[in-house]
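The file upload23.txt contains compact mmCIF, C-alpha atoms:
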# COMPACT_ATOMS: atom_id res chain seq x y z
CA MET A 20 -7.90 33.15 11.59
CA LYS A 21 -11.16 32.48 9.81
CA SER A 22 -10.70 35.32 7.34
CA LYS A 23 -7.15 34.17 6.62
CA ASN A 24 -8.38 30.76 5.52
CA TRP A 25 -10.94 32.42 3.32
CA LEU A 26 -8.51 34.92 1.84
CA PHE A 27 -5.94 32.28 0.98
CA ALA A 28 -8.63 30.11 -0.63
CA PHE A 29 -9.93 33.10 -2.58
CA ARG A 30 -6.47 33.84 -3.97
CA GLN A 31 -6.04 30.20 -4.99
CA SER A 32 -9.42 30.20 -6.71
CA ILE A 33 -8.89 33.33 -8.81
CA PRO A 34 -7.46 31.45 -11.82
CA VAL A 35 -10.70 29.46 -12.02
CA MET A 36 -12.88 32.56 -11.61
CA LEU A 37 -12.31 33.98 -15.06
CA GLY A 38 -12.76 30.68 -16.84
CA TYR A 39 -15.82 29.58 -14.86
CA ILE A 40 -17.65 32.87 -15.19
CA PHE A 41 -17.15 32.88 -18.94
CA LEU A 42 -17.82 29.19 -19.49
CA GLY A 43 -20.82 29.36 -17.17
CA PHE A 44 -21.98 32.40 -19.12
CA ALA A 45 -21.74 30.43 -22.36
CA PHE A 46 -23.79 27.63 -20.79
CA GLY A 47 -26.43 30.06 -19.53
CA LEU A 48 -26.73 31.63 -22.95
CA LEU A 49 -27.04 28.22 -24.58
CA ILE A 50 -29.74 26.90 -22.27
CA GLN A 51 -31.61 30.20 -22.51
CA ASN A 52 -31.56 29.94 -26.30
CA ALA A 53 -33.04 26.46 -25.94
CA GLY A 54 -36.04 27.99 -24.21
CA TYR A 55 -35.09 27.61 -20.54
CA SER A 56 -35.02 30.55 -18.16
CA PHE A 57 -32.23 31.49 -15.75
CA VAL A 58 -33.96 29.40 -13.06
CA TRP A 59 -33.07 26.28 -15.04
CA ALA A 60 -29.52 27.49 -15.56
CA PHE A 61 -29.25 28.03 -11.80
CA LEU A 62 -30.73 24.62 -10.99
CA ALA A 63 -28.46 22.74 -13.41
CA SER A 64 -25.32 24.51 -12.20
CA VAL A 65 -26.18 23.91 -8.55
CA VAL A 66 -27.12 20.22 -8.74
CA ILE A 67 -25.03 18.97 -11.67
CA TYR A 68 -22.01 21.28 -11.65
CA ALA A 69 -20.04 19.69 -14.46
CA GLY A 70 -18.88 21.90 -17.31
CA SER A 71 -18.83 19.90 -20.51
CA MET A 72 -21.68 17.71 -19.26
CA GLN A 73 -24.01 20.69 -18.94
CA PHE A 74 -23.39 21.67 -22.54
CA VAL A 75 -24.36 18.15 -23.57
CA LEU A 76 -27.35 18.42 -21.25
CA VAL A 77 -28.78 21.25 -23.35
CA THR A 78 -28.61 19.17 -26.51
CA MET A 79 -30.20 16.24 -24.67
CA LEU A 80 -33.04 18.40 -23.33
CA THR A 81 -33.86 19.77 -26.75
CA GLY A 82 -33.34 16.39 -28.41
CA GLY A 83 -35.74 14.64 -26.07
CA VAL A 84 -33.52 11.66 -25.23
CA SER A 85 -34.53 8.88 -22.84
CA LEU A 86 -33.46 8.87 -19.20
CA LEU A 87 -31.30 5.81 -19.81
CA HIS A 88 -29.57 7.56 -22.68
CA ALA A 89 -28.90 10.55 -20.39
CA ALA A 90 -27.46 8.26 -17.71
CA ILE A 91 -25.12 6.46 -20.12
CA MET A 92 -23.93 9.73 -21.66
CA THR A 93 -23.18 11.09 -18.19
CA PHE A 94 -21.13 8.05 -17.22
CA PHE A 95 -19.10 8.31 -20.41
CA ILE A 96 -18.46 12.04 -20.22
CA ASN A 97 -17.85 12.23 -16.48
CA GLY A 98 -16.19 8.84 -15.99
CA ARG A 99 -12.86 10.63 -15.76
CA HIS A 100 -13.90 11.98 -12.33
CA ILE A 101 -13.38 8.53 -10.84
CA PHE A 102 -9.66 9.03 -11.24
CA TYR A 103 -9.63 12.34 -9.39
CA GLY A 104 -11.24 10.77 -6.38
CA LEU A 105 -8.76 7.90 -6.53
CA SER A 106 -5.90 10.29 -5.85
CA PHE A 107 -7.76 12.14 -3.08
CA VAL A 108 -9.28 9.23 -1.11
CA GLU A 109 -6.73 9.37 1.66
CA LYS A 110 -6.65 13.13 1.96
CA TYR A 111 -10.42 13.66 1.92
CA LYS A 112 -11.10 11.07 4.60
CA LYS A 113 -9.85 13.54 7.17
CA MET A 114 -12.01 16.38 5.96
CA GLY A 115 -14.86 16.02 8.46
CA LYS A 116 -18.09 17.87 7.79
CA ALA A 117 -16.94 19.25 4.46
CA TYR A 118 -16.24 15.74 3.09
CA PRO A 119 -19.51 15.17 1.17
CA TYR A 120 -19.42 18.61 -0.42
CA LEU A 121 -15.75 18.26 -1.37
CA VAL A 122 -16.53 14.97 -3.12
CA PHE A 123 -19.57 16.45 -4.89
CA SER A 124 -17.70 19.51 -6.14
CA LEU A 125 -14.55 17.80 -7.45
CA THR A 126 -14.48 19.20 -11.01
CA ASP A 127 -11.49 19.16 -13.38
CA GLU A 128 -10.58 22.70 -12.41
CA THR A 129 -11.10 22.36 -8.66
CA TYR A 130 -9.11 19.14 -8.75
CA SER A 131 -6.19 20.84 -10.46
CA VAL A 132 -6.24 23.86 -8.16
CA LEU A 133 -6.29 21.58 -5.11
CA CYS A 134 -3.43 19.55 -6.60
CA GLY A 135 -1.42 22.75 -6.85
CA THR A 136 -2.34 24.10 -3.41
CA LYS A 137 0.04 23.86 -0.52
CA VAL A 138 -1.75 25.10 2.57
CA PRO A 139 0.62 27.27 4.61
CA GLU A 140 1.22 26.44 8.24
CA GLY A 141 -1.24 28.07 10.59
CA LEU A 142 -4.15 27.75 8.19
CA ASP A 143 -6.86 25.11 8.43
CA GLU A 144 -6.54 22.73 5.47
CA LYS A 145 -10.16 21.59 5.72
CA LYS A 146 -11.49 25.11 5.57
CA VAL A 147 -9.18 26.13 2.75
CA TYR A 148 -10.23 23.11 0.68
CA PHE A 149 -13.87 23.80 1.37
CA TRP A 150 -13.63 27.47 0.45
CA ILE A 151 -11.73 26.80 -2.78
CA SER A 152 -14.33 24.22 -3.83
CA PHE A 153 -17.27 26.40 -2.81
CA LEU A 154 -15.97 29.60 -4.42
CA ASP A 155 -15.34 27.73 -7.67
CA GLN A 156 -18.95 26.58 -7.74
CA CYS A 157 -20.14 30.12 -6.94
CA TYR A 158 -18.28 31.41 -10.00
CA TRP A 159 -19.85 28.71 -12.14
CA VAL A 160 -23.38 29.36 -10.89
CA THR A 161 -22.95 33.14 -11.20
CA GLY A 162 -21.70 32.81 -14.77
CA SER A 163 -24.59 30.50 -15.73
CA VAL A 164 -27.28 32.75 -14.31
CA LEU A 165 -25.74 35.88 -15.86
CA GLY A 166 -25.46 34.13 -19.21
CA ALA A 167 -29.13 33.19 -19.17
CA LEU A 168 -30.20 36.64 -18.00
CA ILE A 169 -28.09 39.03 -20.05
CA GLY A 170 -26.16 36.84 -22.48
CA GLN A 171 -28.31 37.76 -25.44
CA TYR A 172 -27.65 41.48 -25.01
CA ILE A 173 -23.88 41.25 -25.02
CA THR A 174 -21.96 41.54 -28.26
CA PHE A 175 -18.39 41.24 -26.93
CA ASP A 176 -16.43 38.77 -29.04
CA SER A 177 -15.26 36.22 -26.50
CA THR A 178 -13.97 33.67 -29.01
CA GLY A 179 -11.04 31.87 -27.46
CA ILE A 180 -11.75 32.81 -23.84
CA ASP A 181 -12.12 29.13 -23.02
CA PHE A 182 -8.37 28.87 -23.49
CA SER A 183 -8.07 30.08 -19.88
CA MET A 184 -8.88 26.53 -18.75
CA THR A 185 -6.19 25.05 -20.99
CA ALA A 186 -3.79 27.65 -19.58
CA LEU A 187 -4.72 26.65 -16.03
CA PHE A 188 -3.88 23.00 -16.73
CA VAL A 189 -0.63 23.95 -18.49
CA VAL A 190 0.39 26.03 -15.45
CA ILE A 191 -0.26 23.10 -13.10
CA VAL A 192 1.76 20.77 -15.35
CA VAL A 193 4.68 23.25 -15.29
CA GLU A 194 4.48 23.54 -11.50
CA GLN A 195 4.35 19.79 -10.97
CA TRP A 196 7.20 19.34 -13.42
CA GLN A 197 9.39 21.85 -11.61
CA GLU A 198 8.83 20.64 -8.08
CA LYS A 199 9.18 16.92 -8.69
CA LYS A 200 12.25 15.04 -9.66
CA ALA A 201 10.41 12.09 -11.17
CA HIS A 202 8.75 13.10 -14.40
CA SER A 203 7.71 9.63 -15.57
CA SER A 204 4.10 10.11 -14.47
CA ALA A 205 3.56 13.31 -16.48
CA ILE A 206 5.22 11.74 -19.52
CA ILE A 207 3.10 8.58 -19.23
CA GLY A 208 -0.03 10.74 -19.08
CA ALA A 209 0.93 12.80 -22.12
CA ALA A 210 1.89 9.69 -24.10
CA CYS A 211 -1.36 7.86 -23.26
CA GLY A 212 -3.39 10.99 -24.01
CA ILE A 213 -1.84 11.59 -27.42
CA LEU A 214 -1.84 7.90 -28.36
CA PHE A 215 -5.53 7.41 -27.63
CA LEU A 216 -6.46 10.75 -29.17
CA LEU A 217 -4.88 9.57 -32.42
CA LEU A 218 -6.42 6.10 -32.13
CA LEU A 219 -9.95 6.94 -31.03
CA GLY A 220 -10.49 10.57 -31.96
CA PRO A 221 -11.41 13.58 -29.81
CA ASP A 222 -14.79 12.41 -28.52
CA ARG A 223 -13.97 9.23 -26.67
CA PHE A 224 -10.27 9.06 -25.95
CA ILE A 225 -10.08 10.38 -22.40
CA LEU A 226 -11.39 7.38 -20.47
CA PRO A 227 -9.23 4.80 -22.29
CA ALA A 228 -6.25 7.17 -21.91
CA LEU A 229 -6.82 7.45 -18.15
CA ILE A 230 -7.26 3.69 -17.77
CA CYS A 231 -4.11 3.04 -19.78
CA ALA A 232 -2.13 5.57 -17.71
CA VAL A 233 -3.26 3.89 -14.50
CA GLY A 234 -2.31 0.50 -15.97
CA VAL A 235 1.17 1.66 -16.93
CA LEU A 236 1.67 3.31 -13.53
CA VAL A 237 0.62 0.10 -11.76
CA ILE A 238 2.96 -2.00 -13.92
CA MET A 239 5.83 0.39 -13.26
CA ARG A 240 5.05 0.51 -9.56
CA LYS A 241 8.25 -1.17 -8.40
CA ARG A 242 10.42 1.17 -10.40
CA LEU A 243 8.44 4.27 -9.55
CA ASN A 244 8.06 3.45 -5.88
CA GLU A 245 11.70 4.23 -5.29
CA THR A 246 11.08 7.75 -6.47
CA VAL A 247 7.64 8.09 -4.92
CA GLU A 248 9.02 9.95 -1.93
CA GLU A 249 10.21 12.62 -4.34
CA ILE A 250 6.97 12.57 -6.29
CA GLY A 251 5.50 14.31 -3.31
CA LYS A 252 2.46 14.47 -1.14
CA MET B 10 -40.53 22.19 -23.06
CA GLU B 11 -41.86 19.76 -20.56
CA VAL B 12 -41.11 20.66 -16.99
CA CYS B 13 -41.29 17.13 -15.58
CA TYR B 14 -39.19 15.65 -18.35
CA SER B 15 -36.57 18.40 -18.02
CA LEU B 16 -36.44 17.95 -14.26
CA ALA B 17 -36.06 14.19 -14.66
CA ILE B 18 -33.19 14.56 -17.14
CA ILE B 19 -31.40 17.09 -14.92
CA GLY B 20 -31.94 14.76 -11.96
CA VAL B 21 -30.52 11.75 -13.77
CA VAL B 22 -27.48 13.70 -14.99
CA ALA B 23 -26.91 15.09 -11.49
CA VAL B 24 -27.14 11.70 -9.77
CA CYS B 25 -24.85 10.01 -12.33
CA THR B 26 -22.33 12.84 -12.04
CA ILE B 27 -22.27 12.54 -8.26
CA LEU B 28 -21.80 8.77 -8.63
CA THR B 29 -18.74 9.21 -10.85
CA ARG B 30 -17.25 11.59 -8.31
CA ALA B 31 -18.16 9.54 -5.24
CA LEU B 32 -17.31 6.04 -6.50
CA PRO B 33 -13.68 5.89 -5.33
CA PHE B 34 -14.70 7.29 -1.96
CA LEU B 35 -17.55 4.79 -1.63
CA ILE B 36 -15.19 1.92 -2.40
CA PHE B 37 -12.10 2.96 -0.45
CA GLY B 38 -13.25 5.75 1.81
CA GLY B 39 -14.93 3.70 4.50
CA LYS B 40 -12.10 1.35 5.30
CA LYS B 41 -9.65 2.28 8.00
CA GLU B 42 -6.63 1.60 5.87
CA VAL B 43 -6.57 2.70 2.22
CA PRO B 44 -4.94 -0.09 0.14
CA GLN B 45 -1.26 0.43 -0.64
CA LEU B 46 -1.96 0.45 -4.36
CA VAL B 47 -4.49 3.28 -4.03
CA GLN B 48 -2.11 5.25 -1.82
CA TYR B 49 0.55 4.82 -4.47
CA LEU B 50 -1.84 5.94 -7.22
CA GLY B 51 -2.80 8.94 -5.13
CA LYS B 52 0.80 10.05 -5.34
CA VAL B 53 1.70 9.26 -8.94
CA LEU B 54 -1.61 9.80 -10.69
CA PRO B 55 -2.08 13.61 -10.48
CA PRO B 56 0.75 14.58 -12.88
CA ALA B 57 -0.51 11.99 -15.40
CA ILE B 58 -4.07 13.30 -15.11
CA MET B 59 -2.94 16.89 -15.61
CA THR B 60 -1.09 16.13 -18.85
CA ILE B 61 -4.09 14.12 -20.09
CA LEU B 62 -6.31 17.13 -19.29
CA VAL B 63 -4.06 19.35 -21.38
CA VAL B 64 -4.42 16.90 -24.28
CA TYR B 65 -8.17 16.85 -23.59
CA CYS B 66 -8.38 20.65 -23.86
CA LEU B 67 -6.48 20.60 -27.13
CA ARG B 68 -8.38 17.62 -28.58
CA GLY B 69 -10.20 19.72 -31.16
CA VAL B 70 -7.02 21.08 -32.72
CA SER B 71 -6.44 19.98 -36.28
CA LEU B 72 -2.79 19.85 -37.27
CA LEU B 73 -3.52 19.22 -40.94
CA GLY B 74 -6.21 21.79 -41.58
CA GLY B 75 -7.18 25.31 -40.54
CA SER B 76 -4.45 27.11 -38.64
CA HIS B 77 -2.49 23.86 -38.05
CA GLY B 78 -2.73 24.26 -34.29
CA LEU B 79 -0.41 27.27 -34.36
CA PRO B 80 -2.51 29.55 -32.11
CA GLU B 81 -2.70 26.76 -29.53
CA LEU B 82 1.01 25.92 -29.78
CA ILE B 83 2.10 29.55 -29.51
CA SER B 84 -0.22 30.25 -26.58
CA VAL B 85 0.78 27.10 -24.67
CA VAL B 86 4.45 28.07 -25.11
CA VAL B 87 3.64 31.60 -23.90
CA VAL B 88 1.84 30.25 -20.80
CA ALA B 89 4.57 27.74 -19.94
CA GLY B 90 7.39 30.21 -20.66
CA LEU B 91 5.80 32.99 -18.62
CA HIS B 92 5.16 30.60 -15.77
CA ILE B 93 8.73 29.32 -15.68
CA TRP B 94 9.95 32.91 -15.82
CA LYS B 95 7.59 34.79 -13.47
CA LYS B 96 5.87 31.99 -11.49
CA ASN B 97 2.68 34.02 -11.29
CA ILE B 98 -0.40 31.91 -12.05
CA LEU B 99 -2.69 34.84 -12.85
CA LEU B 100 -0.16 36.48 -15.14
CA SER B 101 0.51 33.24 -17.03
CA ILE B 102 -3.18 32.45 -17.51
CA GLY B 103 -4.21 36.05 -18.21
CA ILE B 104 -1.55 36.86 -20.81
CA GLY B 105 -1.81 33.37 -22.34
CA THR B 106 -5.57 33.70 -22.78
CA ILE B 107 -5.35 37.23 -24.22
CA CYS B 108 -2.62 36.01 -26.57
CA TYR B 109 -4.83 33.13 -27.73
CA MET B 110 -7.89 35.35 -28.17
CA MET B 111 -5.93 37.83 -30.27
CA LEU B 112 -4.46 35.04 -32.37
CA VAL B 113 -7.81 33.39 -33.17
CA GLN B 114 -9.71 36.66 -33.60
CA MET B 115 -7.17 38.72 -35.53
CA VAL B 116 -4.29 36.69 -36.88
CA PHE B 117 -5.58 33.24 -37.83
CA VAL B 118 -9.08 34.26 -38.86

If you took the structure in this file and wrote it as structure tokens, what would it be?
Amino acid sequence: MKSKNWLFAFRQSIPVMLGYIFLGFAFGLLIQNAGYSFVWAFLASVVIYAGSMQFVLVTMLTGGVSLLHAAIMTFFINGRHIFYGLSFVEKYKKMGKAYPYLVFSLTDETYSVLCGTKVPEGLDEKKVYFWISFLDQCYWVTGSVLGALIGQYITFDSTGIDFSMTALFVVIVVEQWQEKKAHSSAIIGAACGILFLLLLGPDRFILPALICAVGVLVIMRKRLNETVEEIGK
Amino acid sequence: MEVCYSLAIIGVVAVCTILTRALPFLIFGGKKEVPQLVQYLGKVLPPAIMTILVVYCLRGVSLLGGSHGLPELISVVVVAGLHIWKKNILLSIGIGTICYMMLVQMVFV
């Protein structure tokens, strides 16, 4: 039974593996170039574990910013995480011992994989969720350490490999679109995203877009509630 | 490189990141009954977040300059099309990524 939980989680986590190992690798290489050994890459990936934030971290370390500056930057870049938790509050409350780790490790990619995971009957949902989250972080840490250790010796042109993350999100959108009859939520998200991207530019649109999407969803609650049953679990 | 300074920065970033992830759970997680509104958001929010994340990934694309976003457009269509057709996550992501890498490395250089 135990191995079945693990195996199912492993299969679910494979799409993240490729992306995390390569992105982690890129981070490791970057921090190594800034004068930090693989130990630092390991430390950052274990305790921070946030993709884009860690890239910004390297520029902050070399730039010598203040602690307050670092804190504010983190809240701006990672503020979007608040919304992931919002949609998992109910589910995660039943997760027992794994609960703190599941909350800590809720990255964009883990969130989307968990959104797309339907645990088959007979498997333990808690364990599956834990293993998916944990394996994802293992990929990230492995990639970071490898990048810092051997990144400088590798000449393979990996330009564009980060598209695997975009592809992962596109796949989840397609799956959600196909299984749900109500598409308003996906459309509202896309509309808010594009609108604020055009208004505010690429660097600071995501938080306003998320807030706006939540606002629209709350306003449309009465209308959407009728279809909520179909919107799914 | 100052070890203490670097450790402090990493610590601050780590703590703030955990806070952003834990905030909703700290606010709503302890109560016995999660408010109706949050339950509702839990159901309708994920599809909206996923489309926003797609926009987020493509935020650097410039429609007016460079390759006019063609490599991204083509690859997204390939991923979505493959996924509708074959329903195999690995295949869709794998082929889509290879397609994108070839486009940006060989075609739209």

> If you count only C-alpha atoms, which residues fall within 10 Å of Ser32 (chain A), apart from same-chain ones fewer than 5 positions away, as JSON, numbers by chain?
Replying inline: {"A": [26, 27, 37, 128, 129, 132, 133, 136, 150, 151, 152, 153, 154, 155, 158]}

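Proximity of A:Ala205, A:Met79, A:Leu62, A:Ile238 to chain B, computed with only C-alpha atoms, is greatest for A:Ala205.
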
> Which residues of chain B are close to chain A, meaning at most 7 Å apart when you count all atoms listed in the file, and how do they look as an NGL selection string?
Replying inline: :B and (15 or 18-19 or 21-23 or 25-27 or 29-34 or 37-38 or 43 or 47 or 50-66 or 68-69 or 85 or 88-89 or 92 or 98-99 or 102 or 105-106 or 109-110 or 113-114)

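For the pair CA of Ala167 (chain A) and CA of Gln51 (chain A), the interatomic distance is 5.1 Å.
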
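Going from CA of Gly70 (chain A) over to CA of Ser101 (chain B), you cover 22.5 Å.
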
>> Report, in Å with one decimal, the straight-line distance from CA of Val164 (chain A) to CA of Tyr39 (chain A).
In response: 11.9 Å

>> Env of region 79-83 of chain B: 8 Å cut, atoms = all atoms listed in the file, seq-sep filter 2 positions within chain, self excluded. Answer as number ranges by chain.
In response: B: 67, 70, 76-77, 85-87, 109, 112-113, 117

Would you mind exporting the chosen residues as a compact mmCIF listing (two decimals), in the frame of the given file, restricted to C-alpha atoms?
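As a result, again.txt now contains:
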# COMPACT_ATOMS: atom_id res chain seq x y z
CA LEU B 67 -6.48 20.60 -27.13
CA VAL B 70 -7.02 21.08 -32.72
CA SER B 76 -4.45 27.11 -38.64
CA HIS B 77 -2.49 23.86 -38.05
CA VAL B 85 0.78 27.10 -24.67
CA VAL B 86 4.45 28.07 -25.11
CA VAL B 87 3.64 31.60 -23.90
CA TYR B 109 -4.83 33.13 -27.73
CA LEU B 112 -4.46 35.04 -32.37
CA VAL B 113 -7.81 33.39 -33.17
CA PHE B 117 -5.58 33.24 -37.83

Mind filling out region 133-143 of chain A with all heavy atoms and sending it as a short mmCIF file (atom, residue, chain, number, x, y, z; two decimals), keeping the file's coordinate frame?
data_model
loop_
_atom_site.label_atom_id
_atom_site.label_comp_id
_atom_site.auth_asym_id
_atom_site.auth_seq_id
_atom_site.Cartn_x
_atom_site.Cartn_y
_atom_site.Cartn_z
N LEU A 133 -6.62 22.24 -6.37
CA LEU A 133 -6.29 21.58 -5.11
C LEU A 133 -4.97 20.82 -5.21
O LEU A 133 -4.20 20.78 -4.27
CB LEU A 133 -7.42 20.63 -4.69
CG LEU A 133 -8.73 21.31 -4.29
CD1 LEU A 133 -9.78 20.29 -3.89
CD2 LEU A 133 -8.53 22.31 -3.17
N CYS A 134 -4.71 20.24 -6.39
CA CYS A 134 -3.43 19.55 -6.60
C CYS A 134 -2.28 20.53 -6.45
O CYS A 134 -1.21 20.18 -5.99
CB CYS A 134 -3.36 18.94 -8.00
SG CYS A 134 -4.12 17.33 -8.12
N GLY A 135 -2.50 21.76 -6.87
CA GLY A 135 -1.42 22.75 -6.85
C GLY A 135 -1.38 23.58 -5.57
O GLY A 135 -0.57 24.49 -5.45
N THR A 136 -2.27 23.27 -4.62
CA THR A 136 -2.34 24.10 -3.41
C THR A 136 -1.54 23.49 -2.26
O THR A 136 -1.76 22.34 -1.90
CB THR A 136 -3.81 24.26 -2.95
OG1 THR A 136 -4.52 24.95 -3.97
CG2 THR A 136 -3.89 25.05 -1.65
N LYS A 137 -0.63 24.27 -1.75
CA LYS A 137 0.04 23.86 -0.52
C LYS A 137 -0.42 24.80 0.58
O LYS A 137 -0.12 25.99 0.56
CB LYS A 137 1.56 23.92 -0.69
CG LYS A 137 2.10 22.67 -1.29
CD LYS A 137 3.43 22.92 -1.93
CE LYS A 137 3.49 22.30 -3.31
NZ LYS A 137 2.63 22.96 -4.30
N VAL A 138 -1.18 24.25 1.52
CA VAL A 138 -1.75 25.10 2.57
C VAL A 138 -0.64 25.50 3.54
O VAL A 138 0.04 24.65 4.10
CB VAL A 138 -2.86 24.34 3.32
CG1 VAL A 138 -3.47 25.21 4.40
CG2 VAL A 138 -3.94 23.89 2.34
N PRO A 139 -0.45 26.81 3.72
CA PRO A 139 0.62 27.27 4.61
C PRO A 139 0.34 26.87 6.06
O PRO A 139 -0.82 26.68 6.44
CB PRO A 139 0.57 28.80 4.48
CG PRO A 139 -0.39 29.11 3.42
CD PRO A 139 -1.22 27.91 3.15
N GLU A 140 1.38 26.78 6.84
CA GLU A 140 1.22 26.44 8.24
C GLU A 140 0.41 27.52 8.94
O GLU A 140 0.52 28.70 8.62
CB GLU A 140 2.59 26.31 8.90
CG GLU A 140 2.73 24.99 9.63
CD GLU A 140 4.16 24.76 10.05
OE1 GLU A 140 4.96 24.36 9.18
OE2 GLU A 140 4.45 24.98 11.23
N GLY A 141 -0.44 27.09 9.87
CA GLY A 141 -1.24 28.07 10.59
C GLY A 141 -2.63 28.18 10.01
O GLY A 141 -3.54 28.67 10.67
N LEU A 142 -2.81 27.74 8.76
CA LEU A 142 -4.15 27.75 8.19
C LEU A 142 -4.78 26.37 8.32
O LEU A 142 -4.09 25.38 8.43
CB LEU A 142 -4.10 28.18 6.72
CG LEU A 142 -3.67 29.62 6.43
CD1 LEU A 142 -3.84 29.93 4.97
CD2 LEU A 142 -4.45 30.61 7.28
N ASP A 143 -6.11 26.35 8.27
CA ASP A 143 -6.86 25.11 8.43
C ASP A 143 -7.10 24.48 7.06
O ASP A 143 -7.87 25.02 6.26
CB ASP A 143 -8.18 25.42 9.14
CG ASP A 143 -8.95 24.14 9.45
OD1 ASP A 143 -8.66 23.10 8.84
OD2 ASP A 143 -9.85 24.22 10.32
#
